[in-house]
file protein-v4.txt (compact mmCIF, C-alpha atoms and all ligand atoms)
# COMPACT_ATOMS: atom_id res chain seq x y z
CA MET A 1 -22.32 -15.16 -10.18
CA GLU A 2 -23.86 -14.16 -6.85
CA LYS A 3 -22.36 -10.96 -5.46
CA LYS A 4 -20.80 -12.01 -2.17
CA ILE A 5 -18.08 -9.40 -1.75
CA LEU A 6 -18.57 -5.68 -1.22
CA ASP A 7 -15.61 -3.32 -1.62
CA VAL A 8 -16.90 0.03 -0.31
CA THR A 9 -13.76 2.03 -1.23
CA CYS A 10 -12.52 0.37 -4.40
CA GLY A 11 -10.58 3.36 -5.81
CA ALA A 12 -8.39 2.07 -8.64
CA ARG A 13 -8.78 -1.51 -7.27
CA SER A 14 -5.03 -1.79 -6.75
CA ILE A 15 -5.40 -4.29 -3.89
CA TRP A 16 -7.30 -6.69 -6.16
CA PHE A 17 -5.55 -9.40 -8.16
CA ASN A 18 -8.67 -9.69 -10.34
CA LYS A 19 -9.95 -6.13 -10.71
CA HIS A 20 -13.24 -7.35 -12.18
CA HIS A 21 -14.02 -10.28 -9.92
CA PRO A 22 -17.50 -11.56 -10.78
CA ALA A 23 -18.41 -12.08 -7.10
CA ALA A 24 -17.57 -8.48 -6.13
CA VAL A 25 -19.47 -5.20 -6.10
CA TYR A 26 -17.04 -2.29 -6.36
CA CYS A 27 -18.11 1.02 -4.78
CA ASP A 28 -16.55 4.43 -4.39
CA LYS A 29 -17.85 7.96 -3.94
CA ARG A 30 -16.25 9.15 -7.20
CA ARG A 31 -15.77 8.17 -10.81
CA GLU A 32 -12.56 9.73 -12.11
CA GLN A 33 -9.83 9.05 -14.62
CA TYR A 34 -6.37 10.61 -14.74
CA HIS A 35 -3.84 10.21 -17.51
CA HIS A 36 -0.10 10.75 -17.21
CA LEU A 37 -0.36 11.33 -13.46
CA TRP A 38 3.19 10.10 -13.04
CA GLU A 39 4.37 11.58 -16.30
CA ASN A 40 8.08 11.29 -15.65
CA ALA A 41 7.96 7.82 -14.19
CA CYS A 42 5.61 6.14 -16.67
CA ASN A 43 2.49 6.75 -18.70
CA CYS A 44 0.19 5.26 -16.11
CA THR A 45 -3.55 5.85 -16.07
CA LEU A 46 -5.47 6.02 -12.81
CA ASP A 47 -8.97 4.71 -13.42
CA ILE A 48 -11.53 4.96 -10.61
CA ASN A 49 -14.64 3.41 -12.09
CA PRO A 50 -16.87 1.82 -9.44
CA ASP A 51 -19.92 -0.32 -10.21
CA VAL A 52 -21.85 1.81 -7.72
CA VAL A 53 -21.09 5.43 -6.83
CA CYS A 54 -22.08 5.85 -3.18
CA ASP A 55 -21.00 7.10 0.22
CA PHE A 56 -19.73 4.48 2.66
CA THR A 57 -21.49 6.33 5.49
CA ASP A 58 -24.83 5.61 3.78
CA LEU A 59 -24.56 2.42 1.74
CA PRO A 60 -27.42 1.62 -0.69
CA PHE A 61 -27.59 -2.06 0.34
CA ALA A 62 -29.93 -3.99 2.61
CA ASP A 63 -28.91 -5.19 6.08
CA ASN A 64 -27.17 -8.59 6.21
CA SER A 65 -26.34 -8.76 2.49
CA PHE A 66 -22.66 -9.74 2.08
CA PRO A 67 -20.43 -12.37 3.74
CA LEU A 68 -17.31 -10.31 3.01
CA VAL A 69 -16.83 -6.53 3.08
CA VAL A 70 -13.61 -4.66 2.29
CA PHE A 71 -13.04 -1.21 3.80
CA ASP A 72 -9.92 0.73 2.78
CA PRO A 73 -10.76 4.35 3.62
CA PRO A 74 -8.58 7.39 2.86
CA HIS A 75 -5.81 7.80 5.41
CA LEU A 76 -4.05 11.06 4.42
CA THR A 77 -4.63 14.31 6.28
CA GLY A 78 -1.62 16.43 5.38
CA ALA A 79 -1.03 15.97 1.67
CA LYS A 80 -1.85 18.73 -0.80
CA GLU A 81 -5.01 18.33 -2.88
CA THR A 82 -2.87 18.32 -6.01
CA ALA A 83 -0.64 15.47 -4.83
CA TRP A 84 -0.97 12.24 -6.80
CA LEU A 85 -1.38 10.36 -3.51
CA VAL A 86 -4.55 12.38 -2.85
CA LYS A 87 -5.82 11.75 -6.36
CA LYS A 88 -5.27 8.04 -5.85
CA TYR A 89 -6.40 7.60 -2.24
CA GLY A 90 -8.50 10.66 -1.35
CA LYS A 91 -8.01 12.76 1.79
CA LEU A 92 -9.56 12.99 5.26
CA ASN A 93 -10.91 16.22 6.71
CA GLU A 94 -11.09 17.16 10.41
CA ASN A 95 -14.33 15.20 10.76
CA TRP A 96 -12.54 11.91 9.99
CA PRO A 97 -13.28 10.14 13.31
CA GLN A 98 -17.03 10.50 12.82
CA MET A 99 -16.78 9.58 9.13
CA LEU A 100 -14.81 6.39 9.82
CA HIS A 101 -17.14 5.54 12.69
CA ASP A 102 -20.20 5.87 10.43
CA GLY A 103 -18.49 4.01 7.57
CA PHE A 104 -17.56 1.13 9.85
CA ARG A 105 -21.12 0.98 11.21
CA GLU A 106 -22.47 0.78 7.65
CA CYS A 107 -20.02 -1.98 6.73
CA MET A 108 -21.17 -3.99 9.74
CA ARG A 109 -24.82 -3.35 8.91
CA VAL A 110 -24.57 -4.77 5.38
CA LEU A 111 -22.47 -7.74 6.54
CA LYS A 112 -24.31 -11.03 6.98
CA PRO A 113 -24.20 -12.53 10.50
CA ASP A 114 -20.76 -14.13 10.94
CA GLY A 115 -19.55 -12.09 7.98
CA VAL A 116 -15.99 -10.81 7.82
CA LEU A 117 -14.81 -7.24 7.38
CA ILE A 118 -11.29 -6.69 6.10
CA PHE A 119 -10.07 -3.25 7.13
CA LYS A 120 -6.94 -1.71 5.65
CA TRP A 121 -5.28 1.31 7.16
CA SER A 122 -2.06 3.13 6.38
CA GLU A 123 -0.44 4.81 9.36
CA TYR A 124 0.95 7.57 7.15
CA ASP A 125 -0.64 10.38 9.19
CA ILE A 126 -2.80 8.68 11.86
CA PRO A 127 -1.84 5.67 14.02
CA ALA A 128 -4.21 2.69 13.73
CA ALA A 129 -4.88 2.87 17.48
CA GLU A 130 -6.65 6.23 16.95
CA VAL A 131 -8.84 4.64 14.31
CA TRP A 132 -9.89 1.83 16.65
CA LYS A 133 -10.85 4.51 19.17
CA ALA A 134 -12.86 6.39 16.53
CA ILE A 135 -14.82 3.32 15.45
CA GLY A 136 -15.12 2.04 19.03
CA GLN A 137 -13.75 -1.40 18.26
CA LYS A 138 -10.50 -3.07 17.43
CA PRO A 139 -9.83 -5.93 15.02
CA LEU A 140 -9.83 -9.53 16.17
CA PHE A 141 -6.32 -9.74 14.77
CA GLY A 142 -4.19 -7.99 12.20
CA HIS A 143 -0.77 -7.40 10.81
CA HIS A 144 1.52 -4.57 9.76
CA SER A 145 2.85 -4.89 6.25
CA GLY A 146 4.63 -2.92 3.56
CA LYS A 147 8.22 -1.78 3.28
CA GLN A 148 7.87 0.71 6.12
CA SER A 149 5.38 -1.48 8.00
CA ARG A 150 2.92 1.40 7.95
CA THR A 151 0.05 -0.51 6.40
CA PHE A 152 -2.19 -2.38 8.79
CA TRP A 153 -4.60 -5.13 7.71
CA GLY A 154 -7.21 -5.92 10.33
CA CYS A 155 -9.95 -8.55 10.47
CA PHE A 156 -13.36 -7.94 12.08
CA MET A 157 -16.34 -10.29 12.27
CA LYS A 158 -20.05 -9.62 12.69
CA LEU A 159 -20.62 -11.79 15.72
CA ASP A 160 -24.03 -12.83 17.07
CA ASN A 161 -24.60 -9.68 19.06
CA GLY A 162 -23.78 -7.58 16.01
CA GLU A 163 -20.53 -6.37 17.49
CA ALA A 164 -17.06 -7.28 16.28
CA MET A 165 -15.10 -7.05 19.51
CA LYS A 166 -16.27 -4.52 22.03
CA ASP A 167 -15.34 -5.34 25.57
CA GLY A 168 -14.16 -1.83 26.39
CA LYS A 169 -11.16 -2.88 28.40
CA ASP A 170 -8.87 -4.52 25.88
CA ASP A 171 -5.64 -2.69 25.44
CA ILE A 172 -6.04 -1.18 21.99
CA ASP A 173 -2.57 0.29 22.24
CA SER A 174 -1.04 -3.16 22.68
CA ILE A 175 -1.36 -3.82 18.95
CA PRO A 176 2.31 -3.63 17.99
CA THR A 177 3.53 -0.59 16.11
CA LEU A 178 7.11 0.23 15.23
CA THR A 179 9.13 2.71 17.26
CA PRO A 180 12.35 3.93 15.64
CA PRO A 181 15.37 4.57 17.87
CA ASN A 182 14.97 8.02 19.46
CA GLU A 183 18.30 9.48 18.43
CA TRP A 184 17.50 8.97 14.74
CA VAL A 185 13.97 10.26 14.69
CA GLU A 186 14.43 14.03 14.39
CA SER A 187 16.98 14.12 11.62
CA LEU A 188 15.33 11.29 9.69
CA GLU A 189 11.95 12.99 9.95
CA ALA A 190 13.41 16.23 8.64
CA ILE A 191 14.96 14.44 5.67
CA ASN A 192 11.80 12.45 5.09
CA ASN A 193 9.56 15.53 5.29
CA ALA A 194 11.70 17.35 2.76
CA ALA A 195 11.51 14.39 0.38
CA VAL A 196 7.77 13.95 0.86
CA ALA A 197 7.16 17.69 0.35
CA TYR A 198 9.05 17.43 -2.92
CA ILE A 199 7.21 14.28 -4.02
CA GLU A 200 3.82 15.79 -3.22
CA GLY A 201 4.62 19.15 -4.79
CA GLY A 202 4.55 17.95 -8.43
CA PRO A 203 4.44 18.27 -11.36
CA TYR A 204 7.77 16.76 -12.35
CA GLU A 205 7.66 16.91 -16.14
CA ASN A 206 11.18 18.24 -16.40
CA ASP A 207 12.68 16.81 -13.27
CA LEU A 208 12.70 13.02 -13.32
CA PRO A 209 16.13 12.76 -11.59
CA GLY A 210 14.86 15.02 -8.77
CA MET A 211 11.74 12.93 -8.34
CA GLU A 212 13.74 9.70 -8.28
CA LEU A 213 16.18 11.12 -5.75
CA ALA A 214 13.36 12.30 -3.47
CA LEU A 215 11.69 8.87 -3.64
CA LYS A 216 15.02 7.22 -2.82
CA ILE A 217 15.63 9.52 0.17
CA ASP A 218 12.09 8.87 1.38
CA ARG A 219 12.59 5.10 1.14
CA LEU A 220 16.05 5.13 2.71
CA SER A 221 15.13 7.38 5.63
CA ARG A 222 12.17 5.16 6.48
CA ASP A 223 14.25 1.99 6.16
CA PHE A 224 16.93 3.40 8.45
CA ALA A 225 14.27 4.28 11.00
CA ARG A 226 13.17 0.67 11.28
CA PRO A 227 14.19 -1.22 14.39
CA PRO A 228 16.82 -3.92 13.99
CA GLU A 229 15.75 -7.21 12.43
CA GLY A 230 13.93 -9.41 14.96
CA GLU A 231 12.77 -6.55 17.20
CA GLU A 232 9.87 -5.51 14.98
CA ASP A 233 7.23 -7.52 16.80
CA ALA A 234 8.56 -6.99 20.30
C1 LIG B 301 -7.28 4.37 0.17
S1 LIG B 301 -8.31 4.62 -1.23
C2 LIG B 301 -8.79 2.99 -1.66
C3 LIG B 301 -7.78 2.28 -2.52
C4 LIG B 301 -8.30 0.97 -3.09
N1 LIG B 301 -8.63 0.01 -2.06
C5 LIG B 301 -7.34 0.36 -4.06
O1 LIG B 301 -7.10 -0.84 -3.98
O2 LIG B 301 -6.85 1.07 -4.95
C6 LIG B 301 -9.79 5.24 -0.52
C7 LIG B 301 -10.93 5.43 -1.47
O3 LIG B 301 -12.08 5.77 -0.70
C8 LIG B 301 -12.87 6.66 -1.46
N2 LIG B 301 -13.74 7.39 -0.54
C9 LIG B 301 -13.44 8.44 0.25
N3 LIG B 301 -14.49 8.82 0.98
C10 LIG B 301 -15.51 8.00 0.63
C11 LIG B 301 -16.87 7.90 1.02
N4 LIG B 301 -17.37 8.70 1.96
N5 LIG B 301 -17.63 6.94 0.45
C12 LIG B 301 -17.11 6.10 -0.49
N6 LIG B 301 -15.81 6.14 -0.89
C13 LIG B 301 -15.04 7.09 -0.34
C14 LIG B 301 -11.87 7.54 -2.18
O4 LIG B 301 -12.46 8.10 -3.32
C15 LIG B 301 -10.74 6.55 -2.48
O5 LIG B 301 -10.84 6.05 -3.79
call {"tool": "encode", "arguments": {"input": "protein-v4.txt", "output": "structure tokens", "more": "lines below"}}
Ligand SMILES: C[S@@+](CC[C@H](N)C(=O)[O-])C[C@H]1O[C@@H](n2cnc3c(N)ncnc32)[C@H](O)[C@@H]1O
result
Amino acid sequence: MEKKILDVTCGARSIWFNKHHPAAVYCDKRREQYHHLWENACNCTLDINPDVVCDFTDLPFADNSFPLVVFDPPHLTGAKETAWLVKKYGKLNENWPQMLHDGFRECMRVLKPDGVLIFKWSEYDIPAAEVWKAIGQKPLFGHHSGKQSRTFWGCFMKLDNGEAMKDGKDDIDSIPTLTPPNEWVESLEAINNAAVAYIEGGPYENDLPGMELALKIDRLSRDFARPPEGEEDA
């Protein structure tokens, strides 16, 4: 089958329903396998096995090659190198704005004219608005998803002039993000940080109840910080 889809940051392909889609080329900068990463929770294996090992800032594909490109770059800045989240998703360094800028430019270069770029971002450490500033463009449209609404899916298109949407005066910050009620933020953040520090500290071979409790606190504190039903998109 003709390769029409390029995933430049495939990782473990967790976003894919068919992890070996015949129309897709899966890329990542690393080939790694971890066993028993979540030893207390299950015997999962994390398998990062791209078709092509490459850097998304310098893709080994010709201009105008794919009608659909998927870009799901690392989004963590604070997590420890040993954390399973970092093993699964990678980590950004201080040069992240330039790296995302160059990666986005490469994605647009290999897109065919009128091609679509699906960009996924998790606002775990960095708000999506800062990413749009770094890459110099914002999506045509997008949507927050996930239990804590921290994941943002955005859609770009390679329009005739080669630019997705660059008019310079659109209000990037108007893309809705969630703002928890002020009086809850400090205490919830403290609880959440403690839980996240525990979760990222690992390993948990002998402490499954502790791990489960920390995950539960993390989930609950984020849920409580959500605005009331119906006000999310205000
Ligand atoms: C958020 S994860 C992607 C998760 C993936 N979409 C999934 O469904 O599991 C980001 C991935 O980008 C990869 N990555 C980081 N920097 C890269 C680079 N410069 N070039 C290519 N891949 C890179 C990481 O190795 C990591 O697997």
call {"tool": "atom_distance", "arguments": {"input": "protein-v4.txt", "atom1": "CA of Gln33 (chain A)", "atom2": "CA of Leu117 (chain A)"}}
result
27.8 Å
call {"tool": "residues_near_ligand", "arguments": {"input": "protein-v4.txt", "ligand": "ligand LIG 301 (chain B)", "cutoff": "7 Å", "atoms": "all atoms listed in the file", "output": "number ranges by chain"}}
result
A: 8-16, 27-30, 48, 54-57, 72-75, 88-90
call {"tool": "closest_residue", "arguments": {"input": "protein-v4.txt", "among": "A:Cys155, A:Ala128, A:Ala134, A:Ile5", "to": "Ser65 (chain A)", "atoms": "only C-alpha atoms"}}
result
A:Ile5
call {"tool": "closest_residue", "arguments": {"input": "protein-v4.txt", "among": "A:Val53, A:Leu76, A:Met99, A:Val70", "to": "Phe156 (chain A)", "atoms": "only C-alpha atoms"}}
result
A:Val70
call {"tool": "atom_distance", "arguments": {"input": "protein-v4.txt", "atom1": "CA of Asp47 (chain A)", "atom2": "CA of Lys87 (chain A)"}}
result
10.5 Å
call {"tool": "atom_distance", "arguments": {"input": "protein-v4.txt", "atom1": "CA of Val69 (chain A)", "atom2": "CA of Gly154 (chain A)"}}
result
12.1 Å
call {"tool": "closest_residue", "arguments": {"input": "protein-v4.txt", "among": "A:Phe71, A:Tyr26, A:Phe17, A:Trp121", "to": "Glu106 (chain A)", "atoms": "all atoms listed in the file"}}
result
A:Phe71
call {"tool": "residues_around", "arguments": {"input": "protein-v4.txt", "residues": "Glu123 (chain A)", "least_positions_apart": "5", "cutoff": "10 Å", "atoms": "all atoms listed in the file", "output": "PDB file with C-alpha atoms, in the frame of the given file"}}
result
ATOM      1  CA  HIS A  75      -5.810   7.800   5.410  1.00  0.00           C
ATOM      2  CA  LEU A  76      -4.050  11.060   4.420  1.00  0.00           C
ATOM      3  CA  ALA A 128      -4.210   2.690  13.730  1.00  0.00           C
ATOM      4  CA  ALA A 129      -4.880   2.870  17.480  1.00  0.00           C
ATOM      5  CA  GLU A 130      -6.650   6.230  16.950  1.00  0.00           C
ATOM      6  CA  VAL A 131      -8.840   4.640  14.310  1.00  0.00           C
ATOM      7  CA  HIS A 144       1.520  -4.570   9.760  1.00  0.00           C
ATOM      8  CA  GLN A 148       7.870   0.710   6.120  1.00  0.00           C
ATOM      9  CA  SER A 149       5.380  -1.480   8.000  1.00  0.00           C
ATOM     10  CA  ARG A 150       2.920   1.400   7.950  1.00  0.00           C
ATOM     11  CA  THR A 151       0.050  -0.510   6.400  1.00  0.00           C
ATOM     12  CA  PHE A 152      -2.190  -2.380   8.790  1.00  0.00           C
ATOM     13  CA  THR A 177       3.530  -0.590  16.110  1.00  0.00           C
TER      14      THR A 177
END
call {"tool": "closest_residue", "arguments": {"input": "protein-v4.txt", "among": "A:Leu213, A:Val110, A:Leu85, A:Met1", "to": "Tyr124 (chain A)", "atoms": "all atoms listed in the file"}}
result
A:Leu85
call {"tool": "build_atoms", "arguments": {"input": "protein-v4.txt", "residues": "region 3-23 of chain A", "atoms": "N, CA and C atoms", "output": "CSV table (one decimal), keeping the file's coordinate frame"}}
result
chain,number,residue,atom,x,y,z
A,3,LYS,N,-23.3,-12.0,-6.0
A,3,LYS,CA,-22.4,-11.0,-5.5
A,3,LYS,C,-22.2,-11.2,-4.0
A,4,LYS,N,-21.0,-11.7,-3.6
A,4,LYS,CA,-20.8,-12.0,-2.2
A,4,LYS,C,-19.8,-11.1,-1.5
A,5,ILE,N,-19.1,-10.3,-2.3
A,5,ILE,CA,-18.1,-9.4,-1.8
A,5,ILE,C,-18.4,-7.9,-2.1
A,6,LEU,N,-18.3,-7.1,-1.0
A,6,LEU,CA,-18.6,-5.7,-1.2
A,6,LEU,C,-17.3,-4.9,-0.9
A,7,ASP,N,-16.8,-4.2,-1.9
A,7,ASP,CA,-15.6,-3.3,-1.6
A,7,ASP,C,-16.2,-1.9,-1.6
A,8,VAL,N,-16.2,-1.3,-0.4
A,8,VAL,CA,-16.9,0.0,-0.3
A,8,VAL,C,-16.0,1.2,-0.7
A,9,THR,N,-14.7,1.0,-0.9
A,9,THR,CA,-13.8,2.0,-1.2
A,9,THR,C,-12.8,1.5,-2.3
A,10,CYS,N,-13.3,1.1,-3.4
A,10,CYS,CA,-12.5,0.4,-4.4
A,10,CYS,C,-11.4,1.2,-5.0
A,11,GLY,N,-11.6,2.5,-5.1
A,11,GLY,CA,-10.6,3.4,-5.8
A,11,GLY,C,-10.2,2.7,-7.1
A,12,ALA,N,-8.9,2.6,-7.4
A,12,ALA,CA,-8.4,2.1,-8.6
A,12,ALA,C,-8.3,0.5,-8.6
A,13,ARG,N,-8.8,0.0,-7.5
A,13,ARG,CA,-8.8,-1.5,-7.3
A,13,ARG,C,-7.4,-2.1,-7.2
A,14,SER,N,-6.4,-1.3,-6.7
A,14,SER,CA,-5.0,-1.8,-6.8
A,14,SER,C,-4.8,-3.0,-5.8
A,15,ILE,N,-5.6,-3.1,-4.8
A,15,ILE,CA,-5.4,-4.3,-3.9
A,15,ILE,C,-5.9,-5.6,-4.5
A,16,TRP,N,-6.7,-5.5,-5.6
A,16,TRP,CA,-7.3,-6.7,-6.2
A,16,TRP,C,-6.4,-7.3,-7.2
A,17,PHE,N,-6.3,-8.7,-7.1
A,17,PHE,CA,-5.6,-9.4,-8.2
A,17,PHE,C,-6.4,-9.4,-9.4
A,18,ASN,N,-7.7,-9.8,-9.2
A,18,ASN,CA,-8.7,-9.7,-10.3
A,18,ASN,C,-9.5,-8.4,-10.1
A,19,LYS,N,-9.3,-7.4,-10.9
A,19,LYS,CA,-10.0,-6.1,-10.7
A,19,LYS,C,-11.4,-6.1,-11.2
A,20,HIS,N,-11.8,-7.2,-11.8
A,20,HIS,CA,-13.2,-7.4,-12.2
A,20,HIS,C,-13.8,-8.7,-11.7
A,21,HIS,N,-13.6,-9.0,-10.4
A,21,HIS,CA,-14.0,-10.3,-9.9
A,21,HIS,C,-15.5,-10.4,-10.0
A,22,PRO,N,-16.1,-11.5,-10.6
A,22,PRO,CA,-17.5,-11.6,-10.8
A,22,PRO,C,-18.3,-11.6,-9.5
A,23,ALA,N,-17.7,-12.0,-8.4
A,23,ALA,CA,-18.4,-12.1,-7.1
A,23,ALA,C,-18.4,-10.8,-6.3
